[in-house]
file entry22.txt (compact mmCIF, C-alpha atoms and all ligand atoms)
# COMPACT_ATOMS: atom_id res chain seq x y z
CA VAL I 1 0.00 0.00 0.00
CA PRO I 2 1.49 3.32 -1.03
CA GLU I 3 2.31 5.70 1.80
CA GLY I 4 4.07 9.06 1.61
CA HIS I 5 7.42 7.48 0.77
CA SER I 6 6.01 5.85 -2.42
CA ILE I 7 4.53 9.13 -3.59
CA ARG I 8 7.84 10.96 -3.20
CA HIS I 9 9.62 8.02 -4.84
CA PHE I 10 7.24 8.06 -7.82
CA ALA I 11 7.67 11.83 -8.13
CA ASN I 12 11.45 11.43 -8.29
CA VAL I 13 11.35 8.55 -10.77
CA HIS I 14 8.96 10.40 -13.09
CA TYR I 15 11.09 13.51 -12.99
CA GLN I 16 14.24 11.53 -13.66
CA PHE I 17 12.87 9.97 -16.84
CA LEU I 18 10.21 12.41 -18.08
CA GLY I 19 11.40 15.71 -16.62
CA ASN I 20 11.70 18.68 -18.98
CA THR I 21 10.67 16.66 -22.03
CA ALA I 22 7.49 16.82 -24.09
CA VAL I 23 5.42 13.78 -23.12
CA ARG I 24 2.71 11.88 -24.91
CA ALA I 25 -0.33 11.42 -22.69
CA SER I 26 -3.23 9.06 -23.18
CA SER I 27 -5.81 7.10 -21.24
CA PRO I 28 -6.08 3.55 -22.63
CA GLN I 29 -8.91 2.93 -20.17
CA GLY I 30 -10.77 5.95 -21.57
CA ARG I 31 -11.74 7.50 -18.25
CA PHE I 32 -9.16 10.29 -18.52
CA SER I 33 -9.10 10.73 -22.31
CA ASP I 34 -10.26 14.34 -22.59
CA GLU I 35 -7.86 15.47 -19.89
CA ALA I 36 -4.98 13.45 -21.35
CA GLU I 37 -5.57 15.16 -24.67
CA ARG I 38 -5.15 18.55 -23.02
CA ILE I 39 -1.75 17.68 -21.57
CA ASN I 40 -0.55 15.64 -24.55
CA GLY I 41 2.68 17.10 -25.94
CA LEU I 42 3.23 19.49 -23.03
CA THR I 43 6.49 19.65 -21.07
CA PHE I 44 6.69 17.57 -17.91
CA GLY I 45 7.82 19.86 -15.10
CA LYS I 46 9.02 19.01 -11.61
CA PRO I 47 6.34 17.04 -9.74
CA THR I 48 5.37 18.17 -6.25
CA THR I 49 3.95 16.10 -3.43
CA HIS I 50 2.23 16.55 -0.11
CA GLY I 51 1.69 13.42 1.95
CA LYS I 52 -0.08 10.90 -0.27
CA HIS I 53 -0.99 13.50 -2.91
CA LEU I 54 1.05 13.79 -6.10
CA PHE I 55 0.91 16.72 -8.49
CA PHE I 56 2.27 16.48 -12.03
CA HIS I 57 2.92 19.86 -13.61
CA PHE I 58 2.62 20.34 -17.37
CA ASP I 59 3.18 23.97 -18.30
CA ASP I 60 0.10 25.56 -16.70
CA GLN I 61 -1.81 22.29 -16.27
CA ILE I 62 -1.76 20.20 -13.10
CA VAL I 63 -2.69 16.54 -12.76
CA HIS I 64 -3.58 15.51 -9.21
CA VAL I 65 -3.11 11.83 -8.38
CA HIS I 66 -4.06 10.00 -5.20
CA LEU I 67 -3.27 6.29 -5.34
CA GLY I 68 -5.56 5.23 -2.50
CA LEU I 69 -5.21 1.62 -1.41
CA TYR I 70 -4.86 0.00 -4.82
CA GLY I 71 -3.44 2.59 -7.20
CA TRP I 72 0.05 2.14 -8.60
CA PHE I 73 2.47 3.43 -11.20
CA THR I 74 4.48 1.05 -13.34
CA VAL I 75 7.43 2.83 -14.87
CA THR I 76 9.45 0.99 -17.49
CA LYS I 77 12.38 2.15 -19.52
CA ARG I 78 11.26 0.47 -22.72
CA PRO I 79 8.25 1.69 -24.68
CA GLN I 80 5.17 -0.42 -24.00
CA ASP I 81 2.85 -1.12 -26.89
CA THR I 82 0.47 -3.51 -25.21
CA ASP I 83 -2.04 -1.32 -23.46
CA LYS I 84 -4.35 -2.83 -20.92
CA ASP I 85 -7.73 -1.21 -20.52
CA THR I 86 -6.97 -0.73 -16.84
CA ILE I 87 -4.50 2.08 -17.52
CA ARG I 88 -6.02 5.38 -16.44
CA LEU I 89 -3.09 7.51 -17.49
CA LYS I 90 -0.16 6.64 -19.69
CA LEU I 91 2.74 9.07 -19.99
CA GLU I 92 5.68 8.44 -22.24
CA ASN I 93 8.63 9.90 -24.03
CA ASP I 94 11.33 8.15 -26.02
CA VAL I 95 13.04 6.61 -23.00
CA CYS I 96 10.28 5.68 -20.62
CA THR I 97 6.64 4.74 -20.19
CA SER I 98 4.59 5.32 -17.05
CA ARG I 99 1.28 3.60 -16.54
CA LEU I 100 -1.10 4.54 -13.77
CA THR I 101 -3.68 1.97 -12.69
CA ALA I 102 -6.51 1.99 -10.16
CA PRO I 103 -5.96 5.40 -8.56
CA THR I 104 -8.52 6.82 -6.16
CA LYS I 105 -8.03 10.20 -7.85
CA CYS I 106 -6.63 11.26 -11.20
CA GLU I 107 -7.89 14.69 -12.17
CA LEU I 108 -6.88 17.82 -14.00
CA ILE I 109 -6.96 20.70 -11.52
CA THR I 110 -6.18 24.40 -11.20
CA GLN I 111 -3.51 25.99 -9.03
CA ASP I 112 -6.26 27.16 -6.65
CA LYS I 113 -7.62 23.65 -6.31
CA MET I 114 -4.13 22.34 -5.59
CA GLU I 115 -3.66 24.91 -2.86
CA SER I 116 -7.02 24.05 -1.35
CA ILE I 117 -6.14 20.33 -1.28
CA ILE I 118 -2.84 21.08 0.45
CA SER I 119 -4.46 23.48 2.92
CA ARG I 120 -6.58 20.64 4.29
CA LEU I 121 -3.54 18.45 4.96
CA GLY I 122 -1.27 18.38 7.97
CA PRO I 123 2.48 18.96 7.64
CA ASP I 124 4.37 16.33 5.62
CA PRO I 125 7.53 15.11 7.42
CA LEU I 126 9.17 14.56 4.01
CA LEU I 127 9.07 18.23 3.08
CA ASP I 128 11.88 20.47 4.30
CA ASP I 129 9.63 23.43 5.04
CA SER I 130 7.06 21.47 7.05
CA ASP I 131 6.35 22.80 10.52
CA PRO I 132 5.59 20.04 13.07
CA ARG I 133 3.90 22.56 15.36
CA PHE I 134 0.77 22.41 13.18
CA ALA I 135 0.55 18.68 13.93
CA TRP I 136 1.35 19.17 17.62
CA ASP I 137 -1.41 21.79 17.96
CA LYS I 138 -3.97 19.23 16.79
CA ILE I 139 -2.55 16.27 18.70
CA HIS I 140 -2.06 17.71 22.17
CA THR I 141 -5.61 19.08 22.29
CA SER I 142 -7.21 15.86 21.04
CA LYS I 143 -8.96 13.12 22.98
CA LYS I 144 -8.47 10.69 20.12
CA THR I 145 -5.85 7.94 20.32
CA ILE I 146 -2.44 8.55 18.86
CA ALA I 147 -3.05 5.52 16.60
CA SER I 148 -6.05 7.25 15.11
CA LEU I 149 -4.38 10.68 14.92
CA LEU I 150 -1.33 9.39 13.02
CA MET I 151 -3.59 7.99 10.29
CA ASN I 152 -5.47 11.28 9.99
CA GLN I 153 -3.97 13.08 6.99
CA SER I 154 -5.16 16.46 8.27
CA VAL I 155 -2.92 15.97 11.33
CA ILE I 156 0.23 14.59 9.68
CA ALA I 157 0.32 13.89 5.94
CA GLY I 158 1.97 10.79 4.50
CA ILE I 159 1.82 8.19 7.26
CA GLY I 160 -0.22 5.06 6.53
CA ASN I 161 -0.86 1.81 8.31
CA VAL I 162 2.63 0.32 8.03
CA TYR I 163 4.52 3.39 9.19
CA ARG I 164 1.99 4.02 11.96
CA ALA I 165 2.61 0.61 13.52
CA GLU I 166 6.36 0.76 13.05
CA ILE I 167 6.89 4.31 14.26
CA LEU I 168 4.81 3.79 17.40
CA HIS I 169 6.79 0.65 18.13
CA ARG I 170 10.16 2.28 17.48
CA CYS I 171 9.20 5.19 19.75
CA GLN I 172 7.69 2.82 22.36
CA VAL I 173 4.34 4.56 22.44
CA ASN I 174 1.13 2.77 23.36
CA PRO I 175 -1.17 3.23 20.35
CA TYR I 176 -4.15 3.83 22.65
CA LEU I 177 -2.51 6.79 24.38
CA LEU I 178 -4.68 9.85 23.84
CA GLY I 179 -3.34 12.83 21.96
CA ASN I 180 -3.65 15.06 25.04
CA GLU I 181 -1.62 12.55 27.08
CA LEU I 182 1.36 12.59 24.73
CA SER I 183 4.35 14.67 25.84
CA TYR I 184 5.88 17.20 23.48
CA ASP I 185 9.20 15.33 23.57
CA LYS I 186 7.51 12.06 22.58
CA PHE I 187 5.66 13.85 19.82
CA MET I 188 8.93 15.22 18.45
CA GLU I 189 10.46 11.75 18.64
CA ILE I 190 7.56 10.46 16.52
CA TRP I 191 7.91 13.35 14.07
CA ASP I 192 11.67 12.89 13.71
CA ASP I 193 11.32 9.14 13.26
CA ALA I 194 8.61 9.65 10.62
CA ARG I 195 10.89 12.08 8.80
CA TYR I 196 13.81 9.65 8.99
CA LEU I 197 11.87 6.56 7.90
CA LEU I 198 9.94 8.27 5.10
CA ARG I 199 13.19 9.63 3.69
CA ILE I 200 14.82 6.22 3.64
CA GLY I 201 11.67 4.76 2.11
CA SER I 202 11.42 7.43 -0.57
CA VAL I 203 14.87 6.61 -1.91
CA SER I 204 14.20 2.91 -2.51
CA GLY I 205 10.43 3.11 -2.74
CA ARG I 206 10.31 0.44 -0.05
CA ILE I 207 9.43 0.63 3.60
CA ARG I 208 12.50 -0.13 5.72
CA THR I 209 12.05 0.17 9.46
CA VAL I 210 14.15 -2.63 10.93
CA PRO I 211 17.95 -2.34 11.10
CA ASN I 212 19.96 -5.43 10.17
CA ASP I 213 20.73 -6.23 13.81
CA PHE I 214 17.11 -7.23 14.32
CA LEU I 215 16.86 -9.43 11.24
CA THR I 216 17.58 -13.14 11.13
CA GLU I 217 20.48 -14.34 9.03
CA LYS I 218 18.04 -15.71 6.48
CA GLU I 219 16.20 -12.40 6.25
CA ARG I 220 19.45 -10.54 5.74
CA GLU I 221 20.20 -12.76 2.76
CA VAL I 222 16.83 -11.97 1.18
CA GLY I 223 17.74 -8.31 1.43
CA GLY I 224 15.93 -5.26 0.19
CA HIS I 225 13.14 -6.89 -1.78
CA ALA I 226 11.24 -8.16 1.23
CA GLN I 227 9.49 -6.01 3.77
CA PHE I 228 10.60 -6.67 7.32
CA THR I 229 8.79 -5.04 10.20
CA TYR I 230 8.94 -4.92 13.99
CA VAL I 231 5.21 -5.54 14.43
CA TYR I 232 3.24 -4.71 11.27
CA LYS I 233 1.46 -7.80 9.90
CA ARG I 234 3.37 -10.04 12.31
CA THR I 235 0.20 -11.90 13.24
CA GLU I 236 0.97 -14.57 15.83
CA GLN I 237 4.65 -13.83 15.46
CA PRO I 238 6.88 -12.38 18.17
CA CYS I 239 7.90 -8.75 18.51
CA ARG I 240 11.45 -8.50 17.22
CA VAL I 241 12.68 -6.80 20.37
CA CYS I 242 11.11 -8.64 23.33
CA ARG I 243 9.56 -11.76 21.71
CA THR I 244 6.04 -11.04 23.02
CA ILE I 245 3.44 -12.20 20.49
CA VAL I 246 2.30 -9.15 18.52
CA ALA I 247 -1.16 -7.82 19.41
CA GLN I 248 -3.62 -6.66 16.78
CA ALA I 249 -6.97 -4.91 16.67
CA GLU I 250 -9.25 -3.23 14.17
CA VAL I 251 -9.17 0.55 14.51
CA ASP I 252 -11.15 2.73 12.09
CA GLY I 253 -11.36 -0.18 9.66
CA ARG I 254 -7.62 -0.81 9.51
CA THR I 255 -5.63 -3.38 11.45
CA LEU I 256 -3.37 -1.98 14.13
CA TYR I 257 -0.36 -4.01 15.28
CA TRP I 258 1.61 -3.36 18.45
CA CYS I 259 3.64 -4.97 21.22
CA GLN I 260 1.99 -4.96 24.63
CA THR I 261 5.37 -5.20 26.35
CA CYS I 262 7.44 -2.62 24.43
CA GLN I 263 4.54 -0.21 24.08
CA LYS I 264 3.05 -0.13 27.58
ZN ZN M 1 8.17 -6.02 22.22
call {"tool": "encode", "arguments": {"input": "entry22.txt", "output": "structure tokens"}}
result
Amino acid sequence: VPEGHSIRHFANVHYQFLGNTAVRASSPQGRFSDEAERINGLTFGKPTTHGKHLFFHFDDQIVHVHLGLYGWFTVTKRPQDTDKDTIRLKLENDVCTSRLTAPTKCELITQDKMESIISRLGPDPLLDDSDPRFAWDKIHTSKKTIASLLMNQSVIAGIGNVYRAEILHRCQVNPYLLGNELSYDKFMEIWDDARYLLRIGSVSGRIRTVPNDFLTEKEREVGGHAQFTYVYKRTEQPCRVCRTIVAQAEVDGRTLYWCQTCQK
């Protein structure tokens, strides 16, 4: 599932291969055909992101993409001639083809609309100019759990279910602690860890939260292609730190994982 790190990663990859070139745009699926026609042949500028929202800039046109739970980009260096009718947006130049499938949002928007989308989001730990105080203001006055607050994109933008579980474990915070019970120092620890982990993740496009010391020898051999976590999706498996069996519960329709020993 794409979280903020994937969005930043996709932005970088698209800019690397399509940046400052005239791109051909189409919608093999047909649901974005009129819009694709309007950007077809325009120059692909530097994409911007905020949390899980991606903005492609073509001259004065902006395409807003939100991948949701199932959306994905497939970027290949060779031209792709076989078009599946699931491709909402296809972008290509002579070196690369990008195919977007199953996004929650893919829309042509104005600058004003982009600003209004961003204004509803909390600070994004991946952006240099983000101010964590905006997130702190909402958290320390809230009676909601920190687990729920971290998933709320209007509080902090870019964290999803995997990072939520992993960050709370790494910072040893009980997910059921209420926002108004969290200390400022703990909040800053969470913010800094989010910033650190999202940055690492945005480089590879993969979520990495567990240092090698906590991996088994076998896992180390598998390397970067697998996703290793402290608690996320470790159903009936032990916490990597204390060996307590990982606890899980449904919160707001998503499964929360945590360690009842490390995160008292
Ligand atoms: Zn533990």
call {"tool": "closest_atom_pairs", "arguments": {"input": "entry22.txt", "of": "chain I", "to": "ligand ZN 1 (chain M)", "cutoff": "8 Å", "atoms": "all atoms listed in the file", "output": "CSV"}}
result
residue,atom,partner,partner_atom,distance
I:His169,CA,M:ZN1,ZN,7.9
I:Pro238,CA,M:ZN1,ZN,7.6
I:Cys239,CA,M:ZN1,ZN,4.6
I:Arg240,CA,M:ZN1,ZN,6.5
I:Val241,CA,M:ZN1,ZN,4.9
I:Cys242,CA,M:ZN1,ZN,4.1
I:Arg243,CA,M:ZN1,ZN,5.9
I:Thr244,CA,M:ZN1,ZN,5.5
I:Ile245,CA,M:ZN1,ZN,8.0
I:Val246,CA,M:ZN1,ZN,7.6
I:Cys259,CA,M:ZN1,ZN,4.8
I:Gln260,CA,M:ZN1,ZN,6.7
I:Thr261,CA,M:ZN1,ZN,5.1
I:Cys262,CA,M:ZN1,ZN,4.1
I:Gln263,CA,M:ZN1,ZN,7.1
call {"tool": "residues_around", "arguments": {"input": "entry22.txt", "residues": "region 57-61 of chain I", "least_positions_apart": "2", "cutoff": "12 Å", "atoms": "all atoms listed in the file", "output": "ChimeraX atom specification"}}
result
/I:11,14-15,18-25,35-49,54-55,63-65,91,107-114
call {"tool": "write_last_selection", "arguments": {"input": "entry22.txt", "atoms": "C-alpha atoms", "output": "PDB file, in the frame of the given file"}}
result
ATOM      1  CA  ALA I  11       7.670  11.830  -8.130  1.00  0.00           C
ATOM      2  CA  HIS I  14       8.960  10.400 -13.090  1.00  0.00           C
ATOM      3  CA  TYR I  15      11.090  13.510 -12.990  1.00  0.00           C
ATOM      4  CA  LEU I  18      10.210  12.410 -18.080  1.00  0.00           C
ATOM      5  CA  GLY I  19      11.400  15.710 -16.620  1.00  0.00           C
ATOM      6  CA  ASN I  20      11.700  18.680 -18.980  1.00  0.00           C
ATOM      7  CA  THR I  21      10.670  16.660 -22.030  1.00  0.00           C
ATOM      8  CA  ALA I  22       7.490  16.820 -24.090  1.00  0.00           C
ATOM      9  CA  VAL I  23       5.420  13.780 -23.120  1.00  0.00           C
ATOM     10  CA  ARG I  24       2.710  11.880 -24.910  1.00  0.00           C
ATOM     11  CA  ALA I  25      -0.330  11.420 -22.690  1.00  0.00           C
ATOM     12  CA  GLU I  35      -7.860  15.470 -19.890  1.00  0.00           C
ATOM     13  CA  ALA I  36      -4.980  13.450 -21.350  1.00  0.00           C
ATOM     14  CA  GLU I  37      -5.570  15.160 -24.670  1.00  0.00           C
ATOM     15  CA  ARG I  38      -5.150  18.550 -23.020  1.00  0.00           C
ATOM     16  CA  ILE I  39      -1.750  17.680 -21.570  1.00  0.00           C
ATOM     17  CA  ASN I  40      -0.550  15.640 -24.550  1.00  0.00           C
ATOM     18  CA  GLY I  41       2.680  17.100 -25.940  1.00  0.00           C
ATOM     19  CA  LEU I  42       3.230  19.490 -23.030  1.00  0.00           C
ATOM     20  CA  THR I  43       6.490  19.650 -21.070  1.00  0.00           C
ATOM     21  CA  PHE I  44       6.690  17.570 -17.910  1.00  0.00           C
ATOM     22  CA  GLY I  45       7.820  19.860 -15.100  1.00  0.00           C
ATOM     23  CA  LYS I  46       9.020  19.010 -11.610  1.00  0.00           C
ATOM     24  CA  PRO I  47       6.340  17.040  -9.740  1.00  0.00           C
ATOM     25  CA  THR I  48       5.370  18.170  -6.250  1.00  0.00           C
ATOM     26  CA  THR I  49       3.950  16.100  -3.430  1.00  0.00           C
ATOM     27  CA  LEU I  54       1.050  13.790  -6.100  1.00  0.00           C
ATOM     28  CA  PHE I  55       0.910  16.720  -8.490  1.00  0.00           C
ATOM     29  CA  VAL I  63      -2.690  16.540 -12.760  1.00  0.00           C
ATOM     30  CA  HIS I  64      -3.580  15.510  -9.210  1.00  0.00           C
ATOM     31  CA  VAL I  65      -3.110  11.830  -8.380  1.00  0.00           C
ATOM     32  CA  LEU I  91       2.740   9.070 -19.990  1.00  0.00           C
ATOM     33  CA  GLU I 107      -7.890  14.690 -12.170  1.00  0.00           C
ATOM     34  CA  LEU I 108      -6.880  17.820 -14.000  1.00  0.00           C
ATOM     35  CA  ILE I 109      -6.960  20.700 -11.520  1.00  0.00           C
ATOM     36  CA  THR I 110      -6.180  24.400 -11.200  1.00  0.00           C
ATOM     37  CA  GLN I 111      -3.510  25.990  -9.030  1.00  0.00           C
ATOM     38  CA  ASP I 112      -6.260  27.160  -6.650  1.00  0.00           C
ATOM     39  CA  LYS I 113      -7.620  23.650  -6.310  1.00  0.00           C
ATOM     40  CA  MET I 114      -4.130  22.340  -5.590  1.00  0.00           C
TER      41      MET I 114
END
call {"tool": "residues_near_point", "arguments": {"input": "entry22.txt", "point": "(-0.7, 27.4, 11.7)", "cutoff": "12 Å", "atoms": "all atoms listed in the file", "output": "PDB file with C-alpha atoms, in the frame of the given file"}}
result
ATOM      1  CA  SER I 119      -4.460  23.480   2.920  1.00  0.00           C
ATOM      2  CA  ARG I 120      -6.580  20.640   4.290  1.00  0.00           C
ATOM      3  CA  LEU I 121      -3.540  18.450   4.960  1.00  0.00           C
ATOM      4  CA  GLY I 122      -1.270  18.380   7.970  1.00  0.00           C
ATOM      5  CA  PRO I 123       2.480  18.960   7.640  1.00  0.00           C
ATOM      6  CA  SER I 130       7.060  21.470   7.050  1.00  0.00           C
ATOM      7  CA  ASP I 131       6.350  22.800  10.520  1.00  0.00           C
ATOM      8  CA  PRO I 132       5.590  20.040  13.070  1.00  0.00           C
ATOM      9  CA  ARG I 133       3.900  22.560  15.360  1.00  0.00           C
ATOM     10  CA  PHE I 134       0.770  22.410  13.180  1.00  0.00           C
ATOM     11  CA  ALA I 135       0.550  18.680  13.930  1.00  0.00           C
ATOM     12  CA  TRP I 136       1.350  19.170  17.620  1.00  0.00           C
ATOM     13  CA  ASP I 137      -1.410  21.790  17.960  1.00  0.00           C
ATOM     14  CA  LYS I 138      -3.970  19.230  16.790  1.00  0.00           C
ATOM     15  CA  VAL I 155      -2.920  15.970  11.330  1.00  0.00           C
TER      16      VAL I 155
END
call {"tool": "residues_around", "arguments": {"input": "entry22.txt", "residues": "region 212-219 of chain I", "least_positions_apart": "3", "cutoff": "9 Å", "atoms": "all atoms listed in the file", "output": "ChimeraX atom specification"}}
result
/I:222-223,226,228,230,240-241
call {"tool": "closest_residue", "arguments": {"input": "entry22.txt", "among": "I:Arg78, I:Ile139, I:Met188, I:Arg88", "to": "Ser154 (chain I)", "atoms": "all atoms listed in the file"}}
result
I:Ile139
call {"tool": "atom_distance", "arguments": {"input": "entry22.txt", "atom1": "CA of Gln29 (chain I)", "atom2": "CA of Ser98 (chain I)"}}
result
14.1 Å
call {"tool": "atom_distance", "arguments": {"input": "entry22.txt", "atom1": "CA of Gln153 (chain I)", "atom2": "CA of Gly51 (chain I)"}}
result
7.6 Å
call {"tool": "closest_residue", "arguments": {"input": "entry22.txt", "among": "I:Lys144, I:Lys90, I:Arg234, I:Arg170", "to": "Glu189 (chain I)", "atoms": "only C-alpha atoms"}}
result
I:Arg170
call {"tool": "atom_distance", "arguments": {"input": "entry22.txt", "atom1": "CA of Ile117 (chain I)", "atom2": "CA of Thr141 (chain I)"}}
result
23.6 Å
call {"tool": "closest_residue", "arguments": {"input": "entry22.txt", "among": "I:Val13, I:Cys171, I:Ala157, I:Ile190", "to": "Thr97 (chain I)", "atoms": "all atoms listed in the file"}}
result
I:Val13
call {"tool": "residues_near_point", "arguments": {"input": "entry22.txt", "point": "(17.0, 2.4, 11.7)", "cutoff": "9 Å", "atoms": "all atoms listed in the file", "output": "list in words"}}
result
Arg170, Asp193, Tyr196, Leu197, Arg208, Thr209, Val210, Pro211 and Asn212 of chain I
call {"tool": "residues_around", "arguments": {"input": "entry22.txt", "residues": "Gly4 (chain I)", "least_positions_apart": "6", "cutoff": "9 Å", "atoms": "only C-alpha atoms", "output": "CSV table (one decimal) with C-alpha atoms, in the frame of the given file"}}
result
chain,number,residue,atom,x,y,z
I,49,THR,CA,4.0,16.1,-3.4
I,50,HIS,CA,2.2,16.6,-0.1
I,51,GLY,CA,1.7,13.4,2.0
I,52,LYS,CA,-0.1,10.9,-0.3
I,53,HIS,CA,-1.0,13.5,-2.9
I,124,ASP,CA,4.4,16.3,5.6
I,126,LEU,CA,9.2,14.6,4.0
I,157,ALA,CA,0.3,13.9,5.9
I,158,GLY,CA,2.0,10.8,4.5
I,159,ILE,CA,1.8,8.2,7.3
I,160,GLY,CA,-0.2,5.1,6.5
I,198,LEU,CA,9.9,8.3,5.1
I,201,GLY,CA,11.7,4.8,2.1
I,202,SER,CA,11.4,7.4,-0.6
call {"tool": "residues_around", "arguments": {"input": "entry22.txt", "residues": "region 69-77 of chain I", "least_positions_apart": "6", "cutoff": "6 Å", "atoms": "all atoms listed in the file", "output": "PDB file with C-alpha atoms, keeping the file's coordinate frame"}}
result
ATOM      1  CA  VAL I   1       0.000   0.000   0.000  1.00  0.00           C
ATOM      2  CA  VAL I  95      13.040   6.610 -23.000  1.00  0.00           C
ATOM      3  CA  CYS I  96      10.280   5.680 -20.620  1.00  0.00           C
ATOM      4  CA  THR I  97       6.640   4.740 -20.190  1.00  0.00           C
ATOM      5  CA  SER I  98       4.590   5.320 -17.050  1.00  0.00           C
ATOM      6  CA  ARG I  99       1.280   3.600 -16.540  1.00  0.00           C
ATOM      7  CA  LEU I 100      -1.100   4.540 -13.770  1.00  0.00           C
ATOM      8  CA  THR I 101      -3.680   1.970 -12.690  1.00  0.00           C
ATOM      9  CA  ALA I 102      -6.510   1.990 -10.160  1.00  0.00           C
ATOM     10  CA  PRO I 103      -5.960   5.400  -8.560  1.00  0.00           C
TER      11      PRO I 103
END
call {"tool": "closest_atom_pairs", "arguments": {"input": "entry22.txt", "of": "region 71-183 of chain I", "to": "region 247-258 of chain I", "cutoff": "8 Å", "atoms": "all atoms listed in the file", "output": "JSON lines"}}
result
{"residue": "I:Ala147", "atom": "CA", "partner": "I:Leu256", "partner_atom": "CA", "distance": 7.9}
{"residue": "I:Ser148", "atom": "CA", "partner": "I:Val251", "partner_atom": "CA", "distance": 7.4}
{"residue": "I:Asn161", "atom": "CA", "partner": "I:Arg254", "partner_atom": "CA", "distance": 7.3}
{"residue": "I:Ala165", "atom": "CA", "partner": "I:Tyr257", "partner_atom": "CA", "distance": 5.8}
{"residue": "I:Leu168", "atom": "CA", "partner": "I:Trp258", "partner_atom": "CA", "distance": 7.9}
{"residue": "I:His169", "atom": "CA", "partner": "I:Trp258", "partner_atom": "CA", "distance": 6.6}
{"residue": "I:Asn174", "atom": "CA", "partner": "I:Trp258", "partner_atom": "CA", "distance": 7.9}
{"residue": "I:Pro175", "atom": "CA", "partner": "I:Trp258", "partner_atom": "CA", "distance": 7.4}
call {"tool": "write_last_selection", "arguments": {"input": "entry22.txt", "atoms": "C-alpha atoms", "output": "PDB file, in the coordinates of the input"}}
result
ATOM      1  CA  ALA I 147      -3.050   5.520  16.600  1.00  0.00           C
ATOM      2  CA  SER I 148      -6.050   7.250  15.110  1.00  0.00           C
ATOM      3  CA  ASN I 161      -0.860   1.810   8.310  1.00  0.00           C
ATOM      4  CA  ALA I 165       2.610   0.610  13.520  1.00  0.00           C
ATOM      5  CA  LEU I 168       4.810   3.790  17.400  1.00  0.00           C
ATOM      6  CA  HIS I 169       6.790   0.650  18.130  1.00  0.00           C
ATOM      7  CA  ASN I 174       1.130   2.770  23.360  1.00  0.00           C
ATOM      8  CA  PRO I 175      -1.170   3.230  20.350  1.00  0.00           C
TER       9      PRO I 175
END
call {"tool": "closest_residue", "arguments": {"input": "entry22.txt", "among": "I:Ile7, I:Leu182, I:Val203, I:Ile87", "to": "Arg31 (chain I)", "atoms": "only C-alpha atoms"}}
result
I:Ile87
call {"tool": "closest_residue", "arguments": {"input": "entry22.txt", "among": "I:Leu177, I:Thr86, I:Ala194, I:Lys186", "to": "Ile156 (chain I)", "atoms": "only C-alpha atoms"}}
result
I:Ala194
